[in-house]
file input.pdb (PDB, C-alpha atoms)
ATOM      1  CA  MET A 183     119.890  39.841  73.388
ATOM      2  CA  SER A 184     123.242  38.609  74.661
ATOM      3  CA  GLU A 185     124.510  39.696  78.079
ATOM      4  CA  LYS A 186     127.088  42.485  77.997
ATOM      5  CA  SER A 187     130.636  41.148  78.251
ATOM      6  CA  PRO A 188     132.549  42.246  81.367
ATOM      7  CA  ALA A 189     135.078  45.016  80.930
ATOM      8  CA  ARG A 190     138.659  43.977  80.267
ATOM      9  CA  ILE A 191     141.870  45.714  81.267
ATOM     10  CA  SER A 192     143.905  46.947  78.322
ATOM     11  CA  PRO A 193     146.564  44.405  77.318
ATOM     12  CA  ASP A 194     149.164  47.194  77.222
ATOM     13  CA  ARG A 195     151.903  46.785  79.821
ATOM     14  CA  SER A 196     154.453  49.175  81.307
ATOM     15  CA  PRO A 197     157.889  48.215  82.593
ATOM     16  CA  LEU A 198     158.295  48.030  86.349
ATOM     17  CA  GLY A 199     161.394  50.184  86.250
ATOM     18  CA  THR A 200     164.475  48.127  85.414
ATOM     19  CA  SER A 201     163.177  44.985  87.147
ATOM     20  CA  GLY A 202     162.222  43.141  83.967
ATOM     21  CA  MET A 203     158.649  42.807  85.235
ATOM     22  CA  GLU A 204     155.687  44.463  83.519
ATOM     23  CA  VAL A 205     152.435  45.801  84.926
ATOM     24  CA  CYS A 206     148.965  46.492  83.593
ATOM     25  CA  GLY A 207     147.415  49.958  83.609
ATOM     26  CA  ILE A 208     145.691  49.761  87.005
ATOM     27  CA  GLY A 209     146.936  48.287  90.256
ATOM     28  CA  LEU A 210     144.482  46.894  92.815
ATOM     29  CA  GLY A 211     144.891  48.373  96.277
ATOM     30  CA  GLY A 212     144.539  45.873  99.110
ATOM     31  CA  ASN A 213     143.929  48.340 101.931
ATOM     32  CA  VAL A 214     140.238  47.405 102.134
ATOM     33  CA  PHE A 215     140.834  43.656 102.448
ATOM     34  CA  GLY A 216     140.065  42.575 105.998
ATOM     35  CA  TRP A 217     138.543  45.986 106.676
ATOM     36  CA  THR A 218     135.549  47.142 104.626
ATOM     37  CA  ALA A 219     135.721  43.971 102.492
ATOM     38  CA  ASP A 220     135.624  40.700 104.420
ATOM     39  CA  GLU A 221     137.515  37.657 103.174
ATOM     40  CA  PRO A 222     134.799  36.220 100.859
ATOM     41  CA  SER A 223     134.127  39.673  99.372
ATOM     42  CA  SER A 224     137.853  40.302  98.971
ATOM     43  CA  HIS A 225     138.264  37.007  97.129
ATOM     44  CA  ARG A 226     135.469  37.938  94.727
ATOM     45  CA  ILE A 227     137.137  41.310  94.062
ATOM     46  CA  LEU A 228     140.484  39.616  93.447
ATOM     47  CA  ASP A 229     138.825  37.071  91.142
ATOM     48  CA  ALA A 230     137.160  39.806  89.110
ATOM     49  CA  TYR A 231     140.365  41.833  88.846
ATOM     50  CA  ALA A 232     142.473  38.865  87.732
ATOM     51  CA  ASP A 233     139.769  37.650  85.340
ATOM     52  CA  ALA A 234     139.759  41.097  83.708
ATOM     53  CA  GLY A 235     143.505  40.870  83.078
ATOM     54  CA  GLY A 236     144.854  42.669  86.155
ATOM     55  CA  ASN A 237     148.285  41.649  87.395
ATOM     56  CA  LEU A 238     149.373  44.021  90.210
ATOM     57  CA  ILE A 239     148.054  43.611  93.758
ATOM     58  CA  ASP A 240     149.324  46.162  96.270
ATOM     59  CA  THR A 241     149.243  45.659 100.032
ATOM     60  CA  ALA A 242     151.264  46.368 103.198
ATOM     61  CA  ASP A 243     151.958  44.598 106.470
ATOM     62  CA  GLY A 244     150.247  47.488 108.283
ATOM     63  CA  TYR A 245     146.871  46.973 106.548
ATOM     64  CA  SER A 246     144.562  47.234 108.469
ATOM     65  CA  HIS A 247     145.877  47.807 111.996
ATOM     66  CA  TRP A 248     143.651  50.890 112.417
ATOM     67  CA  VAL A 249     140.515  48.745 112.627
ATOM     68  CA  PRO A 250     139.472  47.814 116.183
ATOM     69  CA  GLY A 251     140.481  44.210 116.780
ATOM     70  CA  ASN A 252     143.018  44.145 113.928
ATOM     71  CA  ALA A 253     146.763  44.004 114.433
ATOM     72  CA  GLY A 254     147.942  44.544 110.848
ATOM     73  CA  GLY A 255     148.664  41.836 108.320
ATOM     74  CA  GLU A 256     144.992  41.151 107.667
ATOM     75  CA  SER A 257     145.188  42.248 104.033
ATOM     76  CA  GLU A 258     148.235  40.066 103.350
ATOM     77  CA  SER A 259     146.492  37.087 104.952
ATOM     78  CA  VAL A 260     143.409  37.566 102.769
ATOM     79  CA  ILE A 261     145.543  37.804  99.636
ATOM     80  CA  GLY A 262     147.497  34.741 100.754
ATOM     81  CA  SER A 263     144.377  32.652 101.206
ATOM     82  CA  TRP A 264     143.201  33.760  97.748
ATOM     83  CA  LEU A 265     146.519  32.798  96.150
ATOM     84  CA  ARG A 266     146.426  29.370  97.792
ATOM     85  CA  GLY A 267     142.812  28.775  96.827
ATOM     86  CA  ARG A 268     143.059  29.968  93.220
ATOM     87  CA  GLY A 269     146.542  28.890  92.159
ATOM     88  CA  ARG A 270     147.191  32.201  90.404
ATOM     89  CA  ARG A 271     150.575  33.097  91.832
ATOM     90  CA  GLU A 272     152.323  33.076  88.452
ATOM     91  CA  ARG A 273     149.749  35.412  86.916
ATOM     92  CA  VAL A 274     150.023  38.303  89.380
ATOM     93  CA  LEU A 275     152.670  40.507  90.928
ATOM     94  CA  ILE A 276     152.477  41.090  94.670
ATOM     95  CA  ALA A 277     153.690  44.352  96.162
ATOM     96  CA  SER A 278     153.908  44.807  99.915
ATOM     97  CA  LYS A 279     155.480  47.251 102.373
ATOM     98  CA  VAL A 280     157.170  47.469 105.751
ATOM     99  CA  SER A 281     157.281  50.025 108.588
ATOM    100  CA  THR A 282     153.702  50.706 109.737
ATOM    101  CA  LYS A 283     152.578  47.474 111.447
ATOM    102  CA  PRO A 284     152.544  48.425 115.141
ATOM    103  CA  ASP A 285     154.692  45.496 116.270
ATOM    104  CA  ARG A 286     156.973  45.830 113.220
ATOM    105  CA  ALA A 287     157.297  49.600 113.100
ATOM    106  CA  GLY A 288     160.255  51.367 111.546
ATOM    107  CA  LEU A 289     163.075  50.352 109.236
ATOM    108  CA  ALA A 290     165.781  48.968 111.491
ATOM    109  CA  PRO A 291     167.522  46.029 109.754
ATOM    110  CA  ALA A 292     166.376  43.371 112.230
ATOM    111  CA  ASN A 293     162.804  44.605 111.934
ATOM    112  CA  ILE A 294     162.922  44.607 108.115
ATOM    113  CA  ARG A 295     164.185  41.022 108.066
ATOM    114  CA  ALA A 296     161.535  39.834 110.529
ATOM    115  CA  ALA A 297     158.744  41.775 108.840
ATOM    116  CA  ALA A 298     159.627  40.332 105.433
ATOM    117  CA  GLU A 299     159.512  36.789 106.830
ATOM    118  CA  ASP A 300     156.138  37.522 108.420
ATOM    119  CA  SER A 301     154.776  38.925 105.154
ATOM    120  CA  LEU A 302     156.062  35.956 103.155
ATOM    121  CA  ALA A 303     154.304  33.594 105.564
ATOM    122  CA  ARG A 304     150.998  35.479 105.461
ATOM    123  CA  LEU A 305     151.094  35.732 101.669
ATOM    124  CA  GLY A 306     152.249  32.137 101.292
ATOM    125  CA  VAL A 307     154.837  33.035  98.639
ATOM    126  CA  ASP A 308     158.540  32.352  98.230
ATOM    127  CA  ALA A 309     159.332  35.927  97.221
ATOM    128  CA  ILE A 310     157.583  39.297  97.233
ATOM    129  CA  ASP A 311     157.768  40.827  93.767
ATOM    130  CA  LEU A 312     158.029  44.447  94.935
ATOM    131  CA  TYR A 313     158.845  45.367  98.532
ATOM    132  CA  TYR A 314     158.520  48.980  99.663
ATOM    133  CA  ALA A 315     159.932  50.984 102.500
ATOM    134  CA  HIS A 316     156.483  52.331 103.384
ATOM    135  CA  PHE A 317     157.511  55.456 105.327
ATOM    136  CA  ASP A 318     160.926  56.905 106.022
ATOM    137  CA  ASP A 319     162.428  56.125 109.432
ATOM    138  CA  PRO A 320     164.643  59.023 110.553
ATOM    139  CA  GLU A 321     165.622  57.112 113.719
ATOM    140  CA  THR A 322     167.498  54.464 111.711
ATOM    141  CA  PRO A 323     170.618  55.348 109.696
ATOM    142  CA  LEU A 324     169.625  55.200 106.041
ATOM    143  CA  GLU A 325     172.753  53.177 105.234
ATOM    144  CA  GLU A 326     171.451  50.370 107.464
ATOM    145  CA  THR A 327     168.008  50.368 105.874
ATOM    146  CA  VAL A 328     169.432  50.343 102.340
ATOM    147  CA  ALA A 329     171.726  47.429 103.218
ATOM    148  CA  ALA A 330     168.853  45.455 104.788
ATOM    149  CA  PHE A 331     166.747  45.738 101.639
ATOM    150  CA  ALA A 332     169.756  44.700  99.559
ATOM    151  CA  GLU A 333     170.148  41.589 101.735
ATOM    152  CA  LEU A 334     166.554  40.599 101.015
ATOM    153  CA  VAL A 335     167.171  40.849  97.264
ATOM    154  CA  THR A 336     170.364  38.798  97.523
ATOM    155  CA  ALA A 337     168.563  36.172  99.615
ATOM    156  CA  GLY A 338     165.756  35.918  97.031
ATOM    157  CA  LYS A 339     163.124  37.047  99.535
ATOM    158  CA  ILE A 340     162.140  40.011  97.368
ATOM    159  CA  ARG A 341     162.569  40.629  93.659
ATOM    160  CA  ALA A 342     162.662  44.423  93.594
ATOM    161  CA  ILE A 343     162.781  47.434  95.915
ATOM    162  CA  GLY A 344     160.293  50.300  96.087
ATOM    163  CA  LEU A 345     160.072  53.500  98.123
ATOM    164  CA  SER A 346     156.911  55.205  99.365
ATOM    165  CA  ASN A 347     156.306  58.574 101.037
ATOM    166  CA  TYR A 348     159.956  59.669 100.830
ATOM    167  CA  THR A 349     160.960  63.288 100.294
ATOM    168  CA  PRO A 350     163.001  64.081  97.179
ATOM    169  CA  GLU A 351     166.053  64.639  99.380
ATOM    170  CA  ARG A 352     165.761  61.234 101.031
ATOM    171  CA  LEU A 353     165.086  59.550  97.700
ATOM    172  CA  SER A 354     168.325  60.984  96.363
ATOM    173  CA  ALA A 355     170.169  59.958  99.511
ATOM    174  CA  TRP A 356     168.956  56.346  99.132
ATOM    175  CA  PHE A 357     170.258  56.225  95.554
ATOM    176  CA  ASP A 358     173.558  57.795  96.549
ATOM    177  CA  ILE A 359     174.113  55.140  99.221
ATOM    178  CA  ALA A 360     173.012  52.233  97.038
ATOM    179  CA  GLU A 361     175.211  53.320  94.132
ATOM    180  CA  ARG A 362     178.219  53.907  96.377
ATOM    181  CA  GLU A 363     177.891  50.536  98.116
ATOM    182  CA  GLY A 364     176.939  48.549  95.031
ATOM    183  CA  HIS A 365     173.495  47.647  96.371
ATOM    184  CA  PRO A 366     170.428  46.948  94.182
ATOM    185  CA  LEU A 367     168.688  50.186  93.247
ATOM    186  CA  PRO A 368     164.993  50.905  93.841
ATOM    187  CA  VAL A 369     162.815  50.463  90.766
ATOM    188  CA  ALA A 370     159.508  51.929  91.951
ATOM    189  CA  LEU A 371     158.044  54.876  93.823
ATOM    190  CA  GLN A 372     154.623  55.118  95.453
ATOM    191  CA  PRO A 373     153.617  58.733  96.174
ATOM    192  CA  HIS A 374     150.353  60.404  97.159
ATOM    193  CA  TYR A 375     149.321  61.773  93.772
ATOM    194  CA  ASN A 376     146.065  62.491  91.990
ATOM    195  CA  LEU A 377     144.257  65.378  90.313
ATOM    196  CA  MET A 378     143.745  67.058  93.690
ATOM    197  CA  GLU A 379     147.164  66.292  95.187
ATOM    198  CA  ARG A 380     149.995  67.330  92.895
ATOM    199  CA  GLU A 381     152.983  67.987  95.144
ATOM    200  CA  TYR A 382     154.683  64.981  93.537
ATOM    201  CA  GLU A 383     155.157  67.018  90.362
ATOM    202  CA  THR A 384     157.353  69.601  92.124
ATOM    203  CA  GLY A 385     160.250  67.414  93.249
ATOM    204  CA  ALA A 386     159.890  63.665  93.446
ATOM    205  CA  ARG A 387     158.955  63.374  89.776
ATOM    206  CA  GLN A 388     162.367  64.681  88.772
ATOM    207  CA  ILE A 389     164.007  61.951  90.880
ATOM    208  CA  ALA A 390     161.753  59.329  89.292
ATOM    209  CA  GLU A 391     162.681  60.558  85.811
ATOM    210  CA  GLN A 392     166.385  60.628  86.648
ATOM    211  CA  HIS A 393     166.411  57.028  87.900
ATOM    212  CA  GLY A 394     163.783  55.493  85.632
ATOM    213  CA  LEU A 395     161.408  54.650  88.476
ATOM    214  CA  ALA A 396     157.984  53.172  87.812
ATOM    215  CA  VAL A 397     155.510  55.316  89.736
ATOM    216  CA  PHE A 398     152.375  53.885  91.338
ATOM    217  CA  PRO A 399     150.319  56.712  92.859
ATOM    218  CA  TYR A 400     148.119  55.822  95.817
ATOM    219  CA  PHE A 401     144.786  57.504  96.632
ATOM    220  CA  GLY A 402     144.352  57.822  92.875
ATOM    221  CA  LEU A 403     140.718  58.837  93.398
ATOM    222  CA  ALA A 404     141.396  61.328  96.217
ATOM    223  CA  GLY A 405     139.643  59.331  98.902
ATOM    224  CA  GLY A 406     136.641  58.794  96.635
ATOM    225  CA  PHE A 407     136.184  62.464  95.727
ATOM    226  CA  LEU A 408     137.116  61.836  92.089
ATOM    227  CA  THR A 409     134.369  59.253  91.725
ATOM    228  CA  GLY A 410     131.979  62.211  91.628
ATOM    229  CA  LYS A 411     129.963  60.910  94.567
ATOM    230  CA  TYR A 412     130.765  63.786  96.884
ATOM    231  CA  ARG A 413     129.415  67.030  95.481
ATOM    232  CA  VAL A 414     127.779  68.736  98.475
ATOM    233  CA  GLU A 415     128.900  69.126 102.077
ATOM    234  CA  GLU A 416     126.256  66.768 103.459
ATOM    235  CA  GLN A 417     127.420  63.918 101.208
ATOM    236  CA  ALA A 418     131.053  64.560 102.026
ATOM    237  CA  ARG A 419     130.365  64.342 105.737
ATOM    238  CA  SER A 420     128.385  61.114 105.652
ATOM    239  CA  GLY A 421     128.816  59.578 102.207
ATOM    240  CA  PRO A 422     126.126  59.205  99.521
ATOM    241  CA  PRO A 423     122.904  57.473 100.592
ATOM    242  CA  GLY A 424     123.336  53.710 100.654
ATOM    243  CA  ASP A 425     127.027  53.896  99.818
ATOM    244  CA  GLY A 426     128.222  52.482 103.108
ATOM    245  CA  VAL A 427     131.435  54.497 102.891
ATOM    246  CA  PRO A 428     133.399  54.619 106.138
ATOM    247  CA  SER A 429     133.158  58.050 107.750
ATOM    248  CA  GLN A 430     136.903  58.696 107.533
ATOM    249  CA  ARG A 431     136.813  58.290 103.746
ATOM    250  CA  ALA A 432     133.901  60.728 103.447
ATOM    251  CA  GLU A 433     135.713  63.191 105.696
ATOM    252  CA  ARG A 434     138.820  62.893 103.514
ATOM    253  CA  ALA A 435     136.767  63.619 100.403
ATOM    254  CA  SER A 436     135.222  66.692 102.023
ATOM    255  CA  ARG A 437     138.605  68.443 101.973
ATOM    256  CA  TYR A 438     138.329  68.800  98.211
ATOM    257  CA  LEU A 439     134.956  70.559  98.091
ATOM    258  CA  SER A 440     136.517  73.825  96.981
ATOM    259  CA  ASP A 441     136.197  75.936  93.854
ATOM    260  CA  SER A 442     139.014  73.992  92.200
ATOM    261  CA  GLY A 443     137.507  70.676  93.316
ATOM    262  CA  ARG A 444     134.169  71.561  91.776
ATOM    263  CA  ALA A 445     135.948  72.722  88.617
ATOM    264  CA  VAL A 446     137.670  69.354  88.372
ATOM    265  CA  LEU A 447     134.374  67.506  88.778
ATOM    266  CA  SER A 448     132.782  69.680  86.114
ATOM    267  CA  ALA A 449     135.611  68.928  83.690
ATOM    268  CA  LEU A 450     135.466  65.220  84.548
ATOM    269  CA  ASP A 451     131.711  65.185  83.935
ATOM    270  CA  GLU A 452     132.243  66.593  80.447
ATOM    271  CA  ILE A 453     135.193  64.364  79.544
ATOM    272  CA  SER A 454     133.746  61.143  80.956
ATOM    273  CA  ALA A 455     130.489  61.721  79.082
ATOM    274  CA  ARG A 456     132.453  62.230  75.874
ATOM    275  CA  HIS A 457     134.251  58.910  76.355
ATOM    276  CA  GLY A 458     131.219  57.067  77.706
ATOM    277  CA  VAL A 459     132.909  56.037  80.967
ATOM    278  CA  PRO A 460     132.370  56.765  84.676
ATOM    279  CA  VAL A 461     133.884  59.905  86.178
ATOM    280  CA  ALA A 462     136.390  57.783  88.118
ATOM    281  CA  SER A 463     137.631  56.216  84.881
ATOM    282  CA  ALA A 464     138.486  59.615  83.416
ATOM    283  CA  ALA A 465     140.266  60.684  86.614
ATOM    284  CA  LEU A 466     142.398  57.532  86.629
ATOM    285  CA  ALA A 467     143.100  57.877  82.899
ATOM    286  CA  TRP A 468     144.507  61.363  83.536
ATOM    287  CA  LEU A 469     146.764  59.947  86.233
ATOM    288  CA  ARG A 470     147.918  56.999  84.129
ATOM    289  CA  GLN A 471     148.943  59.366  81.322
ATOM    290  CA  GLN A 472     151.158  61.536  83.525
ATOM    291  CA  ASP A 473     154.920  61.368  83.044
ATOM    292  CA  THR A 474     156.627  58.534  85.008
ATOM    293  CA  VAL A 475     153.346  56.888  86.063
ATOM    294  CA  ALA A 476     153.248  53.158  85.333
ATOM    295  CA  ALA A 477     149.820  52.558  86.869
ATOM    296  CA  PRO A 478     147.567  54.258  89.403
ATOM    297  CA  LEU A 479     146.476  52.276  92.456
ATOM    298  CA  ALA A 480     142.839  52.156  93.483
ATOM    299  CA  SER A 481     140.768  49.898  95.690
ATOM    300  CA  ALA A 482     137.260  48.485  95.418
ATOM    301  CA  ARG A 483     134.989  47.233  98.173
ATOM    302  CA  THR A 484     132.817  45.232  95.759
ATOM    303  CA  PRO A 485     133.369  43.602  92.353
ATOM    304  CA  GLU A 486     130.918  46.119  90.873
ATOM    305  CA  GLN A 487     133.180  49.014  91.873
ATOM    306  CA  LEU A 488     135.970  47.483  89.815
ATOM    307  CA  ASP A 489     134.263  48.405  86.535
ATOM    308  CA  ALA A 490     135.363  52.046  86.620
ATOM    309  CA  LEU A 491     138.919  51.047  87.502
ATOM    310  CA  ILE A 492     139.122  48.525  84.697
ATOM    311  CA  ARG A 493     137.585  50.832  82.103
ATOM    312  CA  SER A 494     140.098  53.560  82.936
ATOM    313  CA  THR A 495     142.799  51.504  81.212
ATOM    314  CA  THR A 496     141.018  51.674  77.851
ATOM    315  CA  VAL A 497     140.578  55.478  77.902
ATOM    316  CA  THR A 498     143.161  57.727  76.266
ATOM    317  CA  LEU A 499     142.608  61.402  76.926
ATOM    318  CA  SER A 500     143.581  63.935  74.271
ATOM    319  CA  PRO A 501     146.236  66.577  74.995
ATOM    320  CA  ALA A 502     143.434  69.135  75.256
ATOM    321  CA  GLU A 503     141.548  67.003  77.769
ATOM    322  CA  LEU A 504     144.681  66.414  79.832
ATOM    323  CA  GLU A 505     145.329  70.159  79.891
ATOM    324  CA  GLN A 506     141.706  70.919  80.765
ATOM    325  CA  LEU A 507     141.941  68.695  83.848
ATOM    326  CA  SER A 508     145.435  69.802  84.822
ATOM    327  CA  GLY A 509     144.466  73.431  84.545
ATOM    328  CA  ALA A 510     141.560  73.048  86.940
ATOM    329  CA  THR A 511     143.934  72.427  89.868
ATOM    330  CA  ALA A 512     147.169  74.004  88.657
TER     331      ALA A 512
END
call {"tool": "encode", "arguments": {"input": "input.pdb", "output": "structure tokens"}}
result
Amino acid sequence: MSEKSPARISPDRSPLGTSGMEVCGIGLGGNVFGWTADEPSSHRILDAYADAGGNLIDTADGYSHWVPGNAGGESESVIGSWLRGRGRRERVLIASKVSTKPDRAGLAPANIRAAAEDSLARLGVDAIDLYYAHFDDPETPLEETVAAFAELVTAGKIRAIGLSNYTPERLSAWFDIAEREGHPLPVALQPHYNLMEREYETGARQIAEQHGLAVFPYFGLAGGFLTGKYRVEEQARSGPPGDGVPSQRAERASRYLSDSGRAVLSALDEISARHGVPVASAALAWLRQQDTVAAPLASARTPEQLDALIRSTTVTLSPAELEQLSGATA
């Protein structure tokens, strides 16, 4: 009997806004690189993702400053060493962000310029494909931040601009400034959005539709809750036996152990069984099929965990299945 072939990401691609770039149906989150996945493990995960046809790697200069002994930039450095060792730069798109690294906090123009240079050096690339303002900085005039990002595009340091964690009002303000001043417009938005967190649908989605933004939701699996691993309080506090999940992730998942959370898991159980895929695959398929979404983002601490992410791209839920899941948390 021949060995089962590894799962492949669907060849379908979505436009990255108006940038001219295209992305596959699942983006690989780099928040675990240099944290719960050491460099060799991270390289194996990146190998498996690229081998399966993945082409979007998402990181930030702040990853993972929260780990004792880390300063931020660890994820970018791991990705950079992988790019140098594998020679795959032309096959993947690199997205990074600025504003949360402790010594590069905020969005003042001088800080943005310095942070971008630091990220380019750690990644070992000539240009970052998609560069996000990670969190809004109310202490810096928005006009200055918009102009600083425009300078990076003009200088060829970044190819496209993205925004993350901005309110609808501030998103609109960014576009107003950029259009008035003739600056490059953002092409992507990265919100907190999944089956359990749906605030995005009530405001920011309209902005994304209006401006043709490609949306890349983070925490696509609700801190691991939508993998189906956390079904009782004891698991949510400590993680499933042998899972090795950091306590903060298990604590995050425990927030969703409500009636609606259990209803979502029940619906996911039924739908994933029907499609013959893991629960996480069905949850990510729902997210991928939402209006404006180009690709969900999800991370994996081992190559084996990638399977559910990859298989999500080959699942198409029916209108009835989409409504069944949406209705559980509406």
call {"tool": "resolve_selection", "arguments": {"input": "input.pdb", "expression": "the PyMOL selection byres ((chain A and resi 316-321) around 8)", "output": "list in words"}}
result
Ala242, Lys279, Val280, Ser281, Thr282, Gly288, Leu289, Tyr314, Ala315, Thr322, Pro323, Leu324, Leu345, Ser346, Asn347 and Tyr348 of chain A
call {"tool": "write_last_selection", "arguments": {"input": "input.pdb", "atoms": "C-alpha atoms", "output": "compact mmCIF listing (two decimals), keeping the file's coordinate frame"}}
result
# COMPACT_ATOMS: atom_id res chain seq x y z
CA ALA A 242 151.26 46.37 103.20
CA LYS A 279 155.48 47.25 102.37
CA VAL A 280 157.17 47.47 105.75
CA SER A 281 157.28 50.02 108.59
CA THR A 282 153.70 50.71 109.74
CA GLY A 288 160.26 51.37 111.55
CA LEU A 289 163.07 50.35 109.24
CA TYR A 314 158.52 48.98 99.66
CA ALA A 315 159.93 50.98 102.50
CA THR A 322 167.50 54.46 111.71
CA PRO A 323 170.62 55.35 109.70
CA LEU A 324 169.62 55.20 106.04
CA LEU A 345 160.07 53.50 98.12
CA SER A 346 156.91 55.20 99.36
CA ASN A 347 156.31 58.57 101.04
CA TYR A 348 159.96 59.67 100.83
call {"tool": "resolve_selection", "arguments": {"input": "input.pdb", "expression": "the PyMOL selection byres ((chain A and resi 343) around 12)", "output": "VMD selection string"}}
result
chain A and resid 198 to 201 277 to 280 310 to 316 327 to 336 338 to 342 344 to 346 356 to 357 360 365 to 372 395 to 396
call {"tool": "resolve_selection", "arguments": {"input": "input.pdb", "expression": "the PyMOL selection byres ((chain A and resi 495) around 8)", "output": "list of chain:residue names"}}
result
A:Ile191, A:Ser192, A:Gly207, A:Ile208, A:Ser463, A:Ala467, A:Leu491, A:Ile492, A:Arg493, A:Ser494, A:Thr496, A:Val497, A:Thr498
call {"tool": "atom_distance", "arguments": {"input": "input.pdb", "atom1": "atom CA of A:Ser259", "atom2": "atom CA of A:Leu488"}}
result
21.2 Å
call {"tool": "residues_around", "arguments": {"input": "input.pdb", "residues": "stretch 244-249 of chain A", "least_positions_apart": "3", "cutoff": "9 Å", "atoms": "all atoms listed in the file", "output": "number ranges by chain"}}
result
A: 212-217, 241, 252-258, 279-284, 286-287
call {"tool": "closest_residue", "arguments": {"input": "input.pdb", "among": "A:Leu408, A:Leu479, A:Ala462, A:Ile261", "to": "A:Ser301", "atoms": "all atoms listed in the file"}}
result
A:Ile261
call {"tool": "atom_distance", "arguments": {"input": "input.pdb", "atom1": "atom CA of A:Pro197", "atom2": "atom CA of A:Gly458"}}
result
28.5 Å
call {"tool": "atom_distance", "arguments": {"input": "input.pdb", "atom1": "atom CA of A:Arg190", "atom2": "atom CA of A:Pro399"}}
result
21.4 Å
call {"tool": "residues_around", "arguments": {"input": "input.pdb", "residues": "A:Gly306", "least_positions_apart": "3", "cutoff": "8 Å", "atoms": "all atoms listed in the file", "output": "ChimeraX atom specification"}}
result
/A:262-263,265-266,302-303
call {"tool": "closest_residue", "arguments": {"input": "input.pdb", "among": "A:Leu504, A:Ala296, A:Ile239, A:Ala490", "to": "A:Pro188", "atoms": "all atoms listed in the file"}}
result
A:Ala490
call {"tool": "axis_aligned_box", "arguments": {"input": "input.pdb", "around": "stretch 304-313 of chain A", "padding_each_side": "8 Å", "output": "AutoDock Vina command-line options"}}
result
--center_x 155.2 --center_y 38.8 --center_z 99.6 --size_x 24.3 --size_y 29.2 --size_z 27.7
call {"tool": "residues_near_point", "arguments": {"input": "input.pdb", "point": "(140.7, 52.3, 98.6)", "cutoff": "9 Å", "atoms": "all atoms listed in the file", "output": "PyMOL selection string"}}
result
chain A and resi 210-214+400-403+405-406+431+479-483
call {"tool": "write_last_selection", "arguments": {"input": "input.pdb", "atoms": "C-alpha atoms", "output": "tab-separated table (two decimals), in the frame of the given file"}}
result
chain	number	residue	atom	x	y	z
A	210	LEU	CA	144.48	46.89	92.82
A	211	GLY	CA	144.89	48.37	96.28
A	212	GLY	CA	144.54	45.87	99.11
A	213	ASN	CA	143.93	48.34	101.93
A	214	VAL	CA	140.24	47.40	102.13
A	400	TYR	CA	148.12	55.82	95.82
A	401	PHE	CA	144.79	57.50	96.63
A	402	GLY	CA	144.35	57.82	92.88
A	403	LEU	CA	140.72	58.84	93.40
A	405	GLY	CA	139.64	59.33	98.90
A	406	GLY	CA	136.64	58.79	96.64
A	431	ARG	CA	136.81	58.29	103.75
A	479	LEU	CA	146.48	52.28	92.46
A	480	ALA	CA	142.84	52.16	93.48
A	481	SER	CA	140.77	49.90	95.69
A	482	ALA	CA	137.26	48.48	95.42
A	483	ARG	CA	134.99	47.23	98.17
call {"tool": "closest_residue", "arguments": {"input": "input.pdb", "among": "A:Lys411, A:Arg434, A:Arg470, A:Arg268", "to": "A:Leu447", "atoms": "only C-alpha atoms"}}
result
A:Lys411
call {"tool": "residues_near_point", "arguments": {"input": "input.pdb", "point": "(133.1, 62.6, 92.7)", "cutoff": "10 Å", "atoms": "only C-alpha atoms", "output": "list in words"}}
result
Leu403, Ala404, Gly405, Gly406, Phe407, Leu408, Thr409, Gly410, Lys411, Tyr412, Arg413, Val414, Ala418, Ala435, Tyr438, Leu439, Gly443, Arg444, Val446, Leu447, Ser448, Leu450, Asp451, Pro460, Val461, Ala462 and Ala465 of chain A
call {"tool": "build_atoms", "arguments": {"input": "input.pdb", "residues": "stretch 434-440 of chain A", "atoms": "N, CA, C and O atoms", "output": "tab-separated table (two decimals), in the frame of the given file"}}
result
chain	number	residue	atom	x	y	z
A	434	ARG	N	137.67	62.60	104.37
A	434	ARG	CA	138.82	62.89	103.51
A	434	ARG	C	138.35	63.57	102.22
A	434	ARG	O	138.96	64.53	101.75
A	435	ALA	N	137.28	63.05	101.65
A	435	ALA	CA	136.77	63.62	100.40
A	435	ALA	C	136.29	65.05	100.59
A	435	ALA	O	136.40	65.88	99.69
A	436	SER	N	135.78	65.36	101.79
A	436	SER	CA	135.22	66.69	102.02
A	436	SER	C	136.28	67.78	101.92
A	436	SER	O	135.95	68.95	101.66
A	437	ARG	N	137.54	67.44	102.08
A	437	ARG	CA	138.60	68.44	101.97
A	437	ARG	C	138.67	69.07	100.59
A	437	ARG	O	139.20	70.16	100.41
A	438	TYR	N	138.17	68.36	99.59
A	438	TYR	CA	138.33	68.80	98.21
A	438	TYR	C	137.12	69.57	97.68
A	438	TYR	O	137.09	69.94	96.51
A	439	LEU	N	136.13	69.81	98.54
A	439	LEU	CA	134.96	70.56	98.09
A	439	LEU	C	135.28	72.06	98.10
A	439	LEU	O	134.78	72.82	98.92
A	440	SER	N	136.10	72.44	97.16
A	440	SER	CA	136.52	73.82	96.98
A	440	SER	C	136.15	74.25	95.56
A	440	SER	O	135.61	73.45	94.78
